[in-house]
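Q: Before we start, here is the structure in question, set down as structure tokens.
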Amino acid sequence: MKDPRAFIARLCGWVSAAFLAAMMLLIVADVVLRKLGANPIHGTYELVELLLVCTFFLALPATFLRDENIVVDMIDTWRPRWVPGLKRAWAAAAVLLLATIAWQSWLQARDAASFGDVTSDLSLPKTLYWAPLVIGIAASAVAAGAMALKRGGRK
């Protein structure tokens, strides 16, 4: 394995794509069943919410590992020598911010688990929603840290 970052980014992308495909298939099946006059799939809304959380937050680390965050190039032409240092500084700031979000999300997930929170239609534990969020945000913090420590700055 040449670059573990590329492998992990690709893995995150494929897992996220699988959740996206499942979400699309679920919506199509629900719409078709509604149009045919049969009963729609019970709990589709909750399942789509869950699949969307998985899709977004499990793809987020790949964004950092591929250096595909949205940026505004204001300083690049004015002070090009500053760019690698600024990218590292912003990646370090992202680590702190993402770690804080992961920690606070973990606290919320723990509370949801201790209270036994469930969804209204399917009675799914709310921790199923929190797990991919916490994992994705924490993995994004690690990915941002890896990019901050990368030799020569980020691409």
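By convention in this document, the chains of the structure tokens carry letters A, B, ... by their order, each chain's residues are numbered from 1, and ligands are numbered from 1 in the order they are shown.
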Please, which residues of range 33-79 of chain A, numbered as in this document, come out alpha helix (DSSP H) from DSSP, as a PyMOL selection string?
A: chain A and resi 33-35+44-65
Q: Just C-alpha atoms for this one: save the residues we selected as a PDB file, in the first residue's frame.
A:
```pdb
ATOM      1  CA  LEU A  33     -45.182   1.341  -4.047  1.00  0.00           C
ATOM      2  CA  ARG A  34     -47.174   4.518  -3.410  1.00  0.00           C
ATOM      3  CA  LYS A  35     -47.950   4.947  -7.115  1.00  0.00           C
ATOM      4  CA  THR A  44     -39.015   5.500   5.099  1.00  0.00           C
ATOM      5  CA  TYR A  45     -38.449   9.001   6.436  1.00  0.00           C
ATOM      6  CA  GLU A  46     -36.486   7.734   9.434  1.00  0.00           C
ATOM      7  CA  LEU A  47     -34.471   5.299   7.355  1.00  0.00           C
ATOM      8  CA  VAL A  48     -33.598   8.019   4.830  1.00  0.00           C
ATOM      9  CA  GLU A  49     -32.485  10.261   7.710  1.00  0.00           C
ATOM     10  CA  LEU A  50     -30.237   7.505   9.029  1.00  0.00           C
ATOM     11  CA  LEU A  51     -28.791   6.725   5.608  1.00  0.00           C
ATOM     12  CA  LEU A  52     -28.174  10.428   4.976  1.00  0.00           C
ATOM     13  CA  VAL A  53     -26.268  10.775   8.243  1.00  0.00           C
ATOM     14  CA  CYS A  54     -24.158   7.765   7.278  1.00  0.00           C
ATOM     15  CA  THR A  55     -23.590   9.094   3.760  1.00  0.00           C
ATOM     16  CA  PHE A  56     -22.423  12.534   4.822  1.00  0.00           C
ATOM     17  CA  PHE A  57     -20.420  11.899   7.958  1.00  0.00           C
ATOM     18  CA  LEU A  58     -18.645   8.786   6.701  1.00  0.00           C
ATOM     19  CA  ALA A  59     -17.573  10.674   3.558  1.00  0.00           C
ATOM     20  CA  LEU A  60     -16.277  13.675   5.494  1.00  0.00           C
ATOM     21  CA  PRO A  61     -12.843  12.193   6.365  1.00  0.00           C
ATOM     22  CA  ALA A  62     -12.216  11.599   2.647  1.00  0.00           C
ATOM     23  CA  THR A  63     -12.719  15.310   2.026  1.00  0.00           C
ATOM     24  CA  PHE A  64      -9.844  16.111   4.359  1.00  0.00           C
ATOM     25  CA  LEU A  65      -7.615  13.265   3.143  1.00  0.00           C
TER      26      LEU A  65
END
```
Q: I'd like the interatomic distance between CA of Lys126 in chain A and CA of Ala112 in chain A, to a tenth of an Å.
A: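 The value is 6.3 Å.
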Q: Nearest to Ala102 in chain A: which of A:Gly43, A:Gly85, A:Pro132, A:Gly37 is it, counting only C-alpha atoms?
A: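 Using only C-alpha atoms, Ala102 in chain A sits closest to A:Pro132.
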Q: Interatomic distance between CA of Thr127 in chain A and CA of Trp106 in chain A?
A: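 One can read the CA of Thr127 in chain A to CA of Trp106 in chain A distance as 9.8 Å.
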